[in-house]
Amino acid sequence: MVQGPRKPYSAGSAGDVGTFRRLLRVWRWHLTIMKKIVLKRKARFVRTRLRELRMISKALLSTHHPVLAHIIPIRRCNLSCAYCNEYDNFSKPLPLETMFRRLDQLAGLGTSIITISGGEPLLHPQLEEIIRHIRVRGMIAGLITNGYLFTRARIESLNDAGLEHLQISIDNVKPDDVSKKSLKVLDQKLQLLARHAVFQVNINSVLGSAVRDPEDALTVARRALELGFTSTVGVLHDHEGQLRPLNGQQQAIFSTIMSWGKRSYSRFNRYQNYIARGIPRDWRCRAGSRYLYVCEDGLVHYCSQQRGYPGIPVEKYTKQHLHHEYHTLKSCAPRCTIQCVQHIALLDNWRDPQTREGFKKPLEILVPAETPAPEEN
Ligand code: SF4
Ligand code: SF4
C-alpha cells in the first residue's frame, strides 16, 4: 500500500499535547515513587541508628552477651573466587525451622546483630523469612552477598522483610581468573540498589596479593560514594585469616580510601592501619563470646578462618561458654585480619585482660568454662 505524505509537525497538535501529558504523568509517578523510597530510607536509617546506639550501650554495660553473630543459611555459592575457602558448589539451603531454632538460641543468648553470610545467601529461597525472624526476635539484620542475584523485585522483598544492612565486596573492575566480583559486572546491580533499597549499603573494596591492579580499589570506592553508599576497604588474608602486608602502592591507596571515609565510622579504627602495614597488634579477640560464627552445621566457631574452635552446637552454647571464651587468649590475634571481629573487640579492648590459654588444650577441656559466669545485671 502506498502511504500518503506525512502531516507536517505542528507544536500545538492535540496528539502532541496528549503525549506530553502522558509523559508528565509517568514522570510525576516516578517522582512520587522515588520520594517514597527516599522517605522510607531515611526512616529506616534513623530507626537503625537508634537501635545501634542501644546495642552499643548494652555492650558497654554488660560483657555477657554476643554483640555480633555470623550465620550461614547455605554454603553453596554461584561464584568460585580463587582465594575463598568459605563455599562449595553443591550444598542445599538449610530448612527454615533449623534456621529459626538457631536464631532463637542466639536471641536467647542476648545477641544484638545477626549478619547472614555464606556461600551466597541470596541462593536461599526463604532468605526473607530468615530476615523477618531476626527482626521479630529484636536483633539487627545484616547481609553479606556478592550481589549477582539482585533484581528490583528481590531488593523490594528484602526491604519488606526489614533488612537493615547490606555489604557487597567488590574485588576488581573487570573480572579475571581470581574473582568475578567486578564493578563492570555489578554496576547495574549497584544502580538498582541505589534506586530501590531502603536498607544501608556498604561497598567493600579489597587490596592484597590476589588483586591484580590495586588502583581498582580506588575506582570501586569512588563509585560507591557516587551512588550514595558507604565504602570500606579490606585486606585479603591468607587461608588462616592472617596478615600479608601490603606493598607501598597498596598502602597509599589504602590510606586514600580511608581518608574518604567521612560517611563510614568503621574507617576511623586504627587497627586497620596495622593490618595494612602488616604490623602485629596487641588486642583482645573476643571470638566465641562477643562474636560468634555459626556454620551451616550449627556449630559455633571463633571465626570463618578458625573453624573447629570451640566447635560446639549453638543449641548447647551457654552463658558459661561465652564467659570462658571472653577470657581466652587467641594466639592468632596479633596477625589477624578479620576486621568485623576486631571492630567488635573495640568495645572491650580497654577492659578484662585475657588470662586463659587457648588452642593448645584439647577442646573438651577448653569448654565448658572452669568457673560459672556471673549473673547478668
Ligand atoms: S562470592 Fe564470596 S562466598 Fe562466593 S566464592 Fe566468592 S568470596 Fe567465596
Ligand atoms: S584472632 Fe580471632 S578473629 Fe582473628 S583469626 Fe584468630 S580467632 Fe579469628
# chains A, B, ... in the order shown; residues from 1 in each chain; ligands from 1
>>> residues_near_ligand(ligand="ligand 1", cutoff="6 Å", atoms="only C-alpha atoms and all ligand atoms", output="list in words")
Cys77, Leu79, Ser80, Cys81, Cys84, Glu86, Tyr87, Gly118, Gly119, Glu120 and Asn146 of chain A
>>> write_last_selection(atoms="N, CA and C atoms", output="tab-separated table (two decimals), in the first residue's frame")
chain	number	residue	atom	x	y	z
A	77	CYS	N	27.76	-21.43	46.65
A	77	CYS	CA	27.94	-20.11	46.06
A	77	CYS	C	27.84	-20.22	44.54
A	79	LEU	N	29.54	-18.28	42.62
A	79	LEU	CA	30.86	-17.92	42.09
A	79	LEU	C	31.90	-18.86	42.70
A	80	SER	N	33.15	-18.68	42.28
A	80	SER	CA	34.21	-19.53	42.84
A	80	SER	C	35.51	-18.73	42.88
A	81	CYS	N	35.53	-17.72	43.75
A	81	CYS	CA	36.71	-16.85	43.84
A	81	CYS	C	37.93	-17.69	44.27
A	84	CYS	N	38.98	-17.97	48.02
A	84	CYS	CA	37.94	-18.19	49.03
A	84	CYS	C	37.93	-19.64	49.54
A	86	GLU	N	35.32	-20.48	51.75
A	86	GLU	CA	34.06	-20.45	52.51
A	86	GLU	C	32.86	-20.87	51.66
A	87	TYR	N	33.08	-21.64	50.62
A	87	TYR	CA	31.93	-22.01	49.78
A	87	TYR	C	32.11	-23.41	49.23
A	118	GLY	N	27.66	-16.53	53.77
A	118	GLY	CA	27.60	-17.80	53.06
A	118	GLY	C	28.98	-18.33	52.79
A	119	GLY	N	29.14	-18.97	51.62
A	119	GLY	CA	28.31	-19.11	50.45
A	119	GLY	C	27.60	-17.82	50.01
A	120	GLU	N	26.60	-18.00	49.18
A	120	GLU	CA	25.83	-16.87	48.69
A	120	GLU	C	24.41	-16.95	49.26
A	146	ASN	N	27.41	-11.44	47.22
A	146	ASN	CA	28.22	-11.00	46.08
A	146	ASN	C	27.39	-10.15	45.12
>>> select_by_dssp(residues="segment 136-213 of chain A", states="alpha helix (DSSP H)", output="NGL selection string")
:A and (136 or 152-161 or 183-196)
>>> closest_atom_pairs(of="segment 325-365 of chain A", to="segment 267-287 of chain A", cutoff="8 Å", atoms="only C-alpha atoms", output="JSON lines")
{"residue": "A:Glu325", "atom": "CA", "partner": "A:Arg286", "partner_atom": "CA", "distance": 6.7}
{"residue": "A:Tyr326", "atom": "CA", "partner": "A:Arg286", "partner_atom": "CA", "distance": 5.1}
{"residue": "A:His327", "atom": "CA", "partner": "A:Arg286", "partner_atom": "CA", "distance": 7.7}
{"residue": "A:Thr328", "atom": "CA", "partner": "A:Arg286", "partner_atom": "CA", "distance": 7.8}
{"residue": "A:Leu329", "atom": "CA", "partner": "A:Arg284", "partner_atom": "CA", "distance": 7.3}
{"residue": "A:Lys330", "atom": "CA", "partner": "A:Cys285", "partner_atom": "CA", "distance": 6.3}
{"residue": "A:Ala333", "atom": "CA", "partner": "A:Cys285", "partner_atom": "CA", "distance": 6.2}
{"residue": "A:Pro334", "atom": "CA", "partner": "A:Arg281", "partner_atom": "CA", "distance": 4.6}
{"residue": "A:Arg335", "atom": "CA", "partner": "A:Pro280", "partner_atom": "CA", "distance": 5.1}
{"residue": "A:Cys336", "atom": "CA", "partner": "A:Ile275", "partner_atom": "CA", "distance": 7.8}
{"residue": "A:Thr337", "atom": "CA", "partner": "A:Ile275", "partner_atom": "CA", "distance": 6.2}
{"residue": "A:Gln339", "atom": "CA", "partner": "A:Gln272", "partner_atom": "CA", "distance": 7.7}
{"residue": "A:Val341", "atom": "CA", "partner": "A:Ala287", "partner_atom": "CA", "distance": 6.9}
{"residue": "A:Gln342", "atom": "CA", "partner": "A:Cys285", "partner_atom": "CA", "distance": 6.8}
{"residue": "A:His343", "atom": "CA", "partner": "A:Asn269", "partner_atom": "CA", "distance": 7.7}
{"residue": "A:Ala345", "atom": "CA", "partner": "A:Cys285", "partner_atom": "CA", "distance": 6.1}
{"residue": "A:Asp348", "atom": "CA", "partner": "A:Arg284", "partner_atom": "CA", "distance": 7.8}
{"residue": "A:Asn349", "atom": "CA", "partner": "A:Arg284", "partner_atom": "CA", "distance": 5.8}
{"residue": "A:Pro353", "atom": "CA", "partner": "A:Arg284", "partner_atom": "CA", "distance": 7.4}
{"residue": "A:Gln354", "atom": "CA", "partner": "A:Arg284", "partner_atom": "CA", "distance": 6.9}
>>> write_last_selection(atoms="C-alpha atoms", output="PDB file, in the first residue's frame")
ATOM      1  CA  GLU A 325      35.849 -17.540  75.593  1.00  0.00           C
ATOM      2  CA  TYR A 326      35.686 -13.883  76.613  1.00  0.00           C
ATOM      3  CA  HIS A 327      38.695 -14.545  78.862  1.00  0.00           C
ATOM      4  CA  THR A 328      40.524 -16.905  76.482  1.00  0.00           C
ATOM      5  CA  LEU A 329      43.652 -15.641  74.739  1.00  0.00           C
ATOM      6  CA  LYS A 330      43.667 -16.248  70.970  1.00  0.00           C
ATOM      7  CA  ALA A 333      45.225 -12.372  67.334  1.00  0.00           C
ATOM      8  CA  PRO A 334      48.432 -10.360  66.640  1.00  0.00           C
ATOM      9  CA  ARG A 335      48.384 -11.191  62.912  1.00  0.00           C
ATOM     10  CA  CYS A 336      44.635 -11.381  62.407  1.00  0.00           C
ATOM     11  CA  THR A 337      42.917  -9.557  59.515  1.00  0.00           C
ATOM     12  CA  GLN A 339      38.005  -6.817  60.581  1.00  0.00           C
ATOM     13  CA  VAL A 341      35.870  -9.237  64.970  1.00  0.00           C
ATOM     14  CA  GLN A 342      38.449  -6.504  65.578  1.00  0.00           C
ATOM     15  CA  HIS A 343      35.705  -3.935  65.217  1.00  0.00           C
ATOM     16  CA  ALA A 345      36.592  -6.030  70.121  1.00  0.00           C
ATOM     17  CA  ASP A 348      36.080  -4.389  75.288  1.00  0.00           C
ATOM     18  CA  ASN A 349      39.770  -3.818  74.467  1.00  0.00           C
ATOM     19  CA  PRO A 353      42.759  -8.762  80.039  1.00  0.00           C
ATOM     20  CA  GLN A 354      42.563 -12.321  78.701  1.00  0.00           C
TER      21      GLN A 354
END
>>> residues_around(residues="Phe199 of chain A", least_positions_apart="3", cutoff="10 Å", atoms="only C-alpha atoms", output="PyMOL selection string")
chain A and resi 40-45+48+141-142+155+158-159+162-166+193-194+196+202
>>> closest_residue(among="A:Ser117, A:Arg212, A:Lys189, A:Ala197", to="Asp160 of chain A", atoms="only C-alpha atoms")
A:Ala197
>>> closest_residue(among="A:Arg351, A:Lys180, A:Arg290, A:Arg54", to="ligand 2", atoms="only C-alpha atoms and all ligand atoms")
A:Arg290
>>> atom_distance(atom1="atom CA of Gly308 of chain A", atom2="atom CA of Ser169 of chain A")
25.5 Å
>>> residues_around(residues="Ala82 of chain A", least_positions_apart="2", cutoff="9 Å", atoms="only C-alpha atoms", output="number ranges by chain")
A: 80, 84-85, 177-179, 210
>>> write_last_selection(atoms="C-alpha atoms", output="PDB file, in the first residue's frame")
ATOM      1  CA  SER A  80      34.210 -19.534  42.845  1.00  0.00           C
ATOM      2  CA  CYS A  84      37.937 -18.193  49.028  1.00  0.00           C
ATOM      3  CA  ASN A  85      37.650 -21.133  51.441  1.00  0.00           C
ATOM      4  CA  ASP A 177      40.599 -15.697  36.837  1.00  0.00           C
ATOM      5  CA  VAL A 178      40.809 -14.832  40.562  1.00  0.00           C
ATOM      6  CA  SER A 179      37.460 -13.093  41.038  1.00  0.00           C
ATOM      7  CA  ALA A 210      45.186 -11.649  44.827  1.00  0.00           C
TER       8      ALA A 210
END
